[in-house]
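Peer 1: This is data31.txt (compact mmCIF, C-alpha atoms and all ligand atoms).
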```txt
# COMPACT_ATOMS: atom_id res chain seq x y z
CA MET A 10 77.47 -35.60 -23.23
CA VAL A 11 76.03 -32.50 -24.90
CA GLU A 12 79.30 -31.49 -26.57
CA ARG A 13 79.84 -34.96 -28.00
CA LEU A 14 76.21 -35.10 -29.18
CA PHE A 15 76.47 -31.71 -30.88
CA ALA A 16 79.82 -32.55 -32.49
CA TRP A 17 78.24 -35.71 -33.93
CA TYR A 18 75.17 -33.77 -35.08
CA ASP A 19 77.31 -31.19 -36.85
CA ARG A 20 78.87 -34.00 -38.91
CA HIS A 21 75.99 -36.44 -39.29
CA GLY A 22 72.78 -34.47 -38.77
CA ARG A 23 70.25 -34.76 -41.57
CA SER A 24 69.53 -31.82 -43.84
CA PHE A 25 65.83 -31.19 -44.45
CA PRO A 26 64.22 -28.10 -46.01
CA TRP A 27 62.22 -27.42 -42.83
CA ARG A 28 65.47 -27.16 -40.92
CA GLN A 29 66.48 -24.16 -43.03
CA THR A 30 63.51 -22.04 -41.93
CA SER A 31 61.81 -20.65 -38.85
CA ASP A 32 58.49 -20.11 -40.68
CA PRO A 33 55.86 -21.67 -38.37
CA TRP A 34 53.69 -22.71 -41.33
CA ALA A 35 56.51 -24.61 -43.04
CA ILE A 36 57.42 -26.26 -39.74
CA LEU A 37 53.84 -27.19 -38.86
CA VAL A 38 53.33 -28.75 -42.32
CA SER A 39 56.54 -30.77 -41.95
CA GLU A 40 55.55 -32.04 -38.52
CA VAL A 41 52.01 -33.03 -39.54
CA MET A 42 53.24 -34.63 -42.74
CA SER A 43 55.95 -36.66 -41.01
CA GLN A 44 53.65 -38.17 -38.39
CA GLN A 45 53.61 -41.90 -39.13
CA THR A 46 55.23 -41.39 -42.54
CA GLN A 47 58.94 -41.98 -43.07
CA ILE A 48 60.56 -38.59 -42.97
CA ASP A 49 62.91 -39.00 -45.94
CA ARG A 50 59.95 -40.05 -48.12
CA ILE A 51 58.06 -36.80 -47.63
CA VAL A 52 60.55 -34.17 -48.79
CA GLY A 53 59.23 -33.98 -52.38
CA ARG A 54 55.62 -34.01 -51.23
CA TYR A 55 56.38 -31.37 -48.61
CA LEU A 56 57.90 -29.01 -51.17
CA ALA A 57 54.99 -29.54 -53.58
CA PHE A 58 52.44 -28.97 -50.81
CA LEU A 59 54.10 -25.71 -49.75
CA ASP A 60 54.27 -24.66 -53.38
CA GLN A 61 50.50 -25.09 -53.64
CA PHE A 62 49.71 -23.79 -50.14
CA PRO A 63 52.55 -21.44 -49.19
CA ASP A 64 50.80 -20.02 -46.12
CA PRO A 65 47.82 -20.70 -43.82
CA ASP A 66 45.60 -18.33 -45.87
CA THR A 67 45.89 -20.36 -49.08
CA LEU A 68 45.12 -23.67 -47.35
CA ALA A 69 42.28 -22.07 -45.38
CA ALA A 70 40.65 -20.92 -48.64
CA ALA A 71 41.08 -24.25 -50.50
CA SER A 72 38.30 -26.78 -51.10
CA ALA A 73 38.43 -30.06 -49.17
CA GLY A 74 38.88 -31.83 -52.52
CA ASP A 75 42.00 -29.80 -53.35
CA VAL A 76 43.44 -30.41 -49.88
CA LEU A 77 42.82 -34.16 -50.04
CA ALA A 78 44.18 -34.38 -53.57
CA ALA A 79 47.38 -32.64 -52.43
CA TRP A 80 47.58 -35.08 -49.51
CA SER A 81 46.80 -38.17 -51.58
CA GLY A 82 49.14 -41.08 -50.88
CA LEU A 83 50.36 -39.67 -47.56
CA GLY A 84 47.65 -41.52 -45.63
CA TYR A 85 45.56 -40.35 -42.69
CA ASN A 86 43.42 -37.85 -44.61
CA ARG A 87 42.06 -36.64 -41.30
CA ARG A 88 45.45 -35.03 -40.68
CA ALA A 89 45.09 -32.95 -43.84
CA LEU A 90 41.66 -31.73 -42.76
CA HIS A 91 42.96 -30.94 -39.28
CA LEU A 92 45.80 -29.01 -40.86
CA GLN A 93 43.27 -27.04 -42.88
CA ALA A 94 41.21 -26.39 -39.75
CA ALA A 95 44.37 -25.18 -37.98
CA ALA A 96 45.18 -22.96 -40.99
CA ARG A 97 41.73 -21.40 -40.75
CA VAL A 98 42.27 -20.56 -37.08
CA VAL A 99 45.67 -19.04 -37.83
CA ALA A 100 44.32 -17.14 -40.88
CA THR A 101 41.65 -15.61 -38.67
CA SER A 102 43.43 -15.13 -35.34
CA GLY A 103 47.17 -15.26 -36.04
CA TRP A 104 49.76 -17.71 -34.69
CA PRO A 105 49.80 -18.85 -31.10
CA THR A 106 53.48 -18.72 -30.10
CA THR A 107 53.87 -21.03 -27.11
CA ALA A 108 53.61 -24.82 -26.97
CA ARG A 109 50.71 -24.52 -24.56
CA GLU A 110 48.77 -22.22 -26.89
CA LEU A 111 49.69 -24.12 -30.04
CA GLN A 112 47.95 -27.18 -28.61
CA THR A 113 44.64 -25.34 -28.98
CA LEU A 114 44.96 -25.64 -32.79
CA PRO A 115 42.96 -28.51 -34.33
CA GLY A 116 45.01 -31.71 -34.64
CA VAL A 117 48.06 -30.27 -32.85
CA GLY A 118 49.18 -32.50 -29.98
CA PRO A 119 51.91 -31.95 -27.37
CA TYR A 120 54.80 -33.14 -29.57
CA THR A 121 53.85 -31.04 -32.62
CA ALA A 122 53.12 -28.01 -30.45
CA ALA A 123 56.53 -28.31 -28.78
CA ALA A 124 58.31 -28.76 -32.13
CA VAL A 125 56.66 -25.66 -33.66
CA ALA A 126 57.18 -23.61 -30.49
CA CYS A 127 60.86 -24.56 -30.44
CA PHE A 128 61.80 -24.44 -34.14
CA ALA A 129 59.64 -21.43 -35.10
CA PHE A 130 59.37 -19.36 -31.94
CA GLY A 131 62.50 -20.34 -30.02
CA GLU A 132 60.77 -21.74 -26.95
CA GLN A 133 63.24 -23.72 -24.84
CA ILE A 134 61.23 -26.91 -24.67
CA PRO A 135 61.93 -30.58 -25.49
CA ALA A 136 59.88 -32.12 -28.31
CA ILE A 137 59.04 -35.48 -26.80
CA ASP A 138 58.40 -38.28 -29.27
CA THR A 139 59.21 -42.00 -29.34
CA ASN A 140 62.78 -41.34 -30.52
CA LEU A 141 63.54 -39.06 -27.60
CA LYS A 142 61.81 -41.44 -25.20
CA ARG A 143 63.96 -44.35 -26.38
CA VAL A 144 67.26 -42.43 -26.29
CA LEU A 145 66.68 -40.89 -22.86
CA SER A 146 65.41 -44.16 -21.38
CA ARG A 147 68.61 -45.93 -22.37
CA TRP A 148 70.74 -42.99 -21.37
CA VAL A 149 69.38 -42.96 -17.78
CA GLY A 150 69.03 -46.76 -17.65
CA GLN A 151 65.30 -47.14 -17.10
CA PRO A 152 62.14 -47.01 -19.22
CA LEU A 153 60.80 -43.48 -18.93
CA ASP A 154 57.25 -42.38 -19.43
CA GLY A 155 54.81 -39.66 -18.39
CA GLN A 156 56.07 -37.18 -15.83
CA ALA A 157 59.46 -38.86 -15.37
CA LEU A 158 60.11 -38.64 -19.11
CA ALA A 159 59.00 -34.99 -19.26
CA GLU A 160 61.19 -34.09 -16.28
CA THR A 161 64.27 -35.90 -17.62
CA ALA A 162 63.80 -34.29 -21.03
CA ARG A 163 63.40 -30.86 -19.46
CA THR A 164 66.49 -31.14 -17.24
CA SER A 165 68.60 -32.60 -20.08
CA LEU A 166 67.96 -29.63 -22.32
CA PRO A 167 71.07 -27.38 -22.41
CA ASP A 168 70.39 -23.67 -21.85
CA GLY A 169 69.43 -21.84 -25.04
CA GLU A 170 70.13 -24.86 -27.26
CA ALA A 171 66.66 -26.35 -27.70
CA VAL A 172 66.69 -26.19 -31.52
CA ARG A 173 70.01 -27.99 -31.83
CA TRP A 174 69.31 -30.44 -29.02
CA ASN A 175 65.89 -31.49 -30.31
CA SER A 176 67.28 -31.93 -33.83
CA ALA A 177 70.31 -33.87 -32.59
CA ILE A 178 68.26 -36.24 -30.42
CA MET A 179 65.84 -36.83 -33.32
CA ASP A 180 68.71 -37.73 -35.60
CA LEU A 181 70.51 -39.87 -33.03
CA GLY A 182 67.27 -41.82 -32.46
CA ALA A 183 66.67 -42.20 -36.20
CA GLN A 184 70.20 -43.16 -37.23
CA VAL A 185 72.03 -44.67 -34.25
CA CYS A 186 69.88 -45.26 -31.17
CA LYS A 187 67.28 -47.11 -33.24
CA PRO A 188 65.06 -49.83 -31.73
CA VAL A 189 68.11 -52.10 -32.27
CA PRO A 190 70.83 -49.64 -31.27
CA ARG A 191 74.18 -49.16 -33.03
CA CYS A 192 76.14 -48.44 -29.85
CA ASP A 193 79.46 -49.00 -31.64
CA ARG A 194 78.92 -45.75 -33.56
CA CYS A 195 77.21 -43.77 -30.80
CA PRO A 196 78.75 -40.44 -29.77
CA VAL A 197 77.32 -40.63 -26.23
CA ALA A 198 77.98 -44.31 -25.54
CA GLN A 199 80.25 -43.50 -22.59
CA ASP A 200 77.37 -41.69 -20.84
CA CYS A 201 74.72 -44.30 -21.57
CA LEU A 202 73.69 -46.34 -18.54
CA ASP A 203 71.80 -49.22 -20.16
CA PRO A 204 71.61 -49.85 -23.91
CA THR A 205 69.41 -52.90 -23.27
CA VAL A 206 66.43 -50.82 -22.15
CA TYR A 207 63.82 -51.65 -24.76
CA VAL A 208 61.12 -49.16 -25.62
CA PRO A 209 58.78 -50.77 -28.16
CA PRO A 210 57.74 -48.57 -31.08
CA PRO A 211 54.01 -47.87 -31.34
CA ARG A 212 52.47 -50.58 -33.50
CA GLN A 213 49.53 -50.45 -35.79
CA SER A 214 47.18 -53.41 -35.74
CA ARG A 215 46.61 -55.41 -38.91
CA PHE A 216 42.93 -54.42 -38.75
CA ASP A 217 43.81 -50.72 -38.65
CA GLY A 218 46.05 -51.22 -41.65
CA SER A 219 43.38 -52.89 -43.76
CA VAL A 220 40.68 -50.33 -42.94
CA ARG A 221 43.18 -47.52 -43.48
CA GLN A 222 43.97 -48.94 -46.90
CA THR A 223 40.26 -49.02 -47.75
CA ARG A 224 39.79 -45.48 -46.49
CA GLY A 225 42.62 -44.25 -48.69
CA ALA A 226 41.16 -46.08 -51.70
CA ILE A 227 37.71 -44.56 -51.09
CA VAL A 228 39.09 -41.02 -50.82
CA ARG A 229 41.08 -41.41 -54.04
CA VAL A 230 37.91 -42.51 -55.89
CA MET A 231 35.81 -39.72 -54.38
CA LEU A 232 38.22 -36.95 -55.36
CA ASP A 233 36.32 -36.63 -58.66
CA GLY A 234 33.45 -35.05 -56.67
CA GLU A 235 30.83 -37.65 -57.62
CA THR A 236 28.30 -39.10 -55.14
CA ARG A 237 28.47 -42.89 -54.67
CA THR A 238 26.57 -45.52 -52.74
CA LEU A 239 28.13 -48.14 -50.49
CA ASP A 240 27.24 -50.78 -53.13
CA ALA A 241 28.90 -48.84 -55.91
CA LEU A 242 32.08 -48.34 -53.87
CA SER A 243 32.17 -52.00 -52.91
CA VAL A 244 31.91 -53.09 -56.57
CA HIS A 245 34.36 -50.44 -57.77
CA LEU A 246 37.04 -51.22 -55.19
CA GLY A 247 36.41 -54.97 -54.88
CA HIS A 248 36.38 -54.75 -51.07
CA ASP A 249 33.66 -56.40 -48.99
CA GLU A 250 30.75 -54.23 -47.87
CA ALA A 251 31.50 -54.55 -44.14
CA ARG A 252 34.95 -53.04 -44.60
CA ILE A 253 33.64 -50.32 -46.93
CA SER A 254 30.90 -49.57 -44.42
CA SER A 255 33.40 -49.23 -41.52
CA ALA A 256 35.59 -46.97 -43.60
CA LEU A 257 32.63 -44.80 -44.70
CA THR A 258 31.45 -44.46 -41.10
CA ALA A 259 34.92 -43.34 -39.99
CA LEU A 260 35.44 -40.97 -42.93
CA THR A 261 32.02 -39.39 -42.34
CA ALA A 262 32.65 -39.00 -38.60
CA GLU A 263 35.99 -37.34 -39.36
CA GLY A 264 34.40 -34.90 -41.81
CA VAL A 265 36.23 -36.21 -44.87
CA LEU A 266 32.96 -37.40 -46.48
CA GLN A 267 29.35 -36.41 -46.00
CA ALA A 268 26.23 -38.57 -46.31
CA THR A 269 23.91 -37.24 -49.00
CA ALA A 270 20.53 -38.31 -50.37
CA GLY A 271 22.28 -40.32 -53.08
CA GLY A 272 25.03 -41.92 -50.95
CA PHE A 273 28.35 -40.38 -49.96
CA ALA A 274 30.30 -37.43 -51.34
CA LEU A 275 33.38 -35.48 -50.45
CA ALA A 276 32.61 -33.00 -47.69
CA ASP A 277 33.37 -29.41 -48.44
CA LYS A 278 33.29 -27.54 -45.17
CA ARG A 279 33.02 -24.19 -46.93
CA SER A 280 29.56 -25.06 -48.23
S1 LIG B 1 75.05 -46.19 -26.38
FE1 LIG B 1 73.59 -47.35 -27.58
S2 LIG B 1 71.70 -47.37 -26.37
FE2 LIG B 1 73.02 -45.77 -25.52
S3 LIG B 1 72.32 -43.87 -26.53
FE3 LIG B 1 74.03 -44.73 -27.74
S4 LIG B 1 73.06 -46.04 -29.31
FE4 LIG B 1 71.55 -45.62 -27.72
```
Show the structure stored in the file as structure tokens.
Ligand code: SF4

Peer 2:
Amino acid sequence: MVERLFAWYDRHGRSFPWRQTSDPWAILVSEVMSQQTQIDRIVGRYLAFLDQFPDPDTLAAASAGDVLAAWSGLGYNRRALHLQAAARVVATSGWPTTARELQTLPGVGPYTAAAVACFAFGEQIPAIDTNLKRVLSRWVGQPLDGQALAETARTSLPDGEAVRWNSAIMDLGAQVCKPVPRCDRCPVAQDCLDPTVYVPPPRQSRFDGSVRQTRGAIVRVMLDGETRTLDALSVHLGHDEARISSALTALTAEGVLQATAGGFALADKRS
């Protein structure tokens, strides 16, 4: 199975700038940026972000406004602030180099930690995301989760080939073994026990989407550094006050905004 998978990957694998480097900063940025955003839509933004913040030190020293402006349009502003918090830890203490240690960085979960540990530091570890879960579940013929998924992923990993294997599984899941699989063009079809195993992709509720949209709109308005009241934001954006209020509460709790005497303003954690 592995040889056929690798032969397919050599011909059809996707070429991304973060695959040409083992710089942990470049890899961490790519992983955070591609969470919940289509990967082929972020390449330009990724290159621009790294141009502005080429290492953890530059992001650590930036204002929250500059970070959020650079992140604008990518959604989930909290991720940008977590990335900055992680950069500050790295700027002060250096890089953790194992998946276990990387998870101590702000906003870095098991998947991102495994991806950085593998692609930057060569740790032989599977990066388990929904793509890998779907491919392996079909391959072994049963829906995998939790410990069973981790164990199957670990034992499937060929010795010393974690970088290639993780990349190949990602690309197979993105291009062939999609939620509706294209088994007719699959390089490992002869090893696959049950293509009908369905692993639903994580879904976002309509409510989350609408509040997220409002949160993004608020942050874009607030990037000018002014202080605004709930009323003013509601009038400016044309959204009802309840939704603005929910979004302000969430943005304040996440540290994106701060409540001030005159309303709400962009939080700058350096001050
Ligand atoms: S044969 Fe079909 S279900 Fe199985 S791994 Fe390939 S694309 Fe996925």

Peer 1: To box ligand LIG 1 (chain B), take all atoms listed in the file, fit an axis-aligned box, add 4 Å on each side, and give centre and edge lengths in Å to one decimal, as AutoDock Vina command-line options.

Peer 2:
```
--center_x 73.3 --center_y -45.6 --center_z -27.4 --size_x 11.5 --size_y 11.5 --size_z 11.8
```

Peer 1: Between A:Leu56, A:Ala70, A:Met10, A:Leu242, which is the closest to ligand LIG 1 (chain B) once you count all atoms listed in the file?

Peer 2: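 When distances to ligand LIG 1 (chain B) are compared using all atoms listed in the file, the smallest one comes from A:Met10.
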
Peer 1: Once you count only C-alpha atoms and all ligand atoms, which residues end up within 8 Å of ligand LIG 1 (chain B), and could you hand them over as a list in words?

Peer 2: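 Checked against 8 Å with only C-alpha atoms and all ligand atoms; the hits are Arg143, Val144, Leu145, Arg147, Trp148, Leu181, Gly182, Val185, Cys186, Lys187, Pro190, Arg191, Cys192, Asp193, Arg194, Cys195, Pro196, Val197, Ala198, Gln199, Asp200, Cys201, Leu202, Asp203, Pro204, Thr205 and Val206 of chain A.
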
Peer 1: In Å, how far is it from atom CA of Cys127 of chain A to atom CA of Gln156 of chain A?

Peer 2: 19.9 Å

Peer 1: Please write as a ChimeraX atom specification the list of polymer residues whose atoms come within 12 Å of (44.1, -33.5, -58.3), counting only C-alpha atoms and keeping to the coordinates of the file.

Peer 2: /A:61,72-82,228-234

Peer 1: Of the candidates A:Phe128, A:Phe58, A:Tyr85, A:Tyr207, which shows the shortest atom-to-atom distance to Ser176 of chain A, using all atoms listed in the file?

Peer 2: A:Phe128

Peer 1: For Thr164 of chain A, list every protein, DNA or RNA residue within 12 Å, evaluated using all atoms listed in the file, and leave out those in the same chain fewer than 6 positions away; present the list as a PyMOL selection string.

Peer 2: chain A and resi 133-135+145+157-158+171

Peer 1: For Lys142 of chain A, which residue among A:Val208, A:Thr106, A:Ala124, A:Val220 is the nearest when counting all atoms listed in the file?

Peer 2: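 Among the listed residues, the smallest separation from Lys142 of chain A belongs to A:Val208.
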
Peer 1: Which residues are close to Pro105 of chain A, i.e. within 12 Å by only C-alpha atoms, leaving aside same-chain residues fewer than 2 positions away? Reply as a CSV table (one decimal) with C-alpha atoms, keeping the file's coordinate frame.

Peer 2:
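Final output, selection-v4.csv:
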```csv
chain,number,residue,atom,x,y,z
A,33,PRO,CA,55.9,-21.7,-38.4
A,34,TRP,CA,53.7,-22.7,-41.3
A,95,ALA,CA,44.4,-25.2,-38.0
A,96,ALA,CA,45.2,-23.0,-41.0
A,98,VAL,CA,42.3,-20.6,-37.1
A,99,VAL,CA,45.7,-19.0,-37.8
A,100,ALA,CA,44.3,-17.1,-40.9
A,101,THR,CA,41.6,-15.6,-38.7
A,102,SER,CA,43.4,-15.1,-35.3
A,103,GLY,CA,47.2,-15.3,-36.0
A,107,THR,CA,53.9,-21.0,-27.1
A,108,ALA,CA,53.6,-24.8,-27.0
A,109,ARG,CA,50.7,-24.5,-24.6
A,110,GLU,CA,48.8,-22.2,-26.9
A,111,LEU,CA,49.7,-24.1,-30.0
A,112,GLN,CA,48.0,-27.2,-28.6
A,113,THR,CA,44.6,-25.3,-29.0
A,114,LEU,CA,45.0,-25.6,-32.8
A,117,VAL,CA,48.1,-30.3,-32.8
A,122,ALA,CA,53.1,-28.0,-30.4
A,123,ALA,CA,56.5,-28.3,-28.8
A,125,VAL,CA,56.7,-25.7,-33.7
A,126,ALA,CA,57.2,-23.6,-30.5
A,129,ALA,CA,59.6,-21.4,-35.1
A,130,PHE,CA,59.4,-19.4,-31.9
```

Peer 1: What does the distance from atom CA of Gly150 of chain A to atom CA of Ile178 of chain A come to in Å, to one decimal?

Peer 2: 16.6 Å

Peer 1: Contacts between segment 265-271 of chain A and segment 181-258 of chain A, please, where a residue of segment 181-258 of chain A counts if it comes within 7 Å (with only C-alpha atoms); show its shortest atom pair and distance in Å to one decimal, rows by chain and ascending number, as CSV.

Peer 2:
```
residue,atom,partner,partner_atom,distance
A:Thr236,CA,A:Gly271,CA,6.5
A:Arg237,CA,A:Gly271,CA,6.9
A:Thr238,CA,A:Gly271,CA,6.7
```

Peer 1: In Å, rounded to a single decimal, give me how far atom CA of Thr30 of chain A is from atom CA of Leu68 of chain A.

Peer 2: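 So the answer is 19.2 Å.
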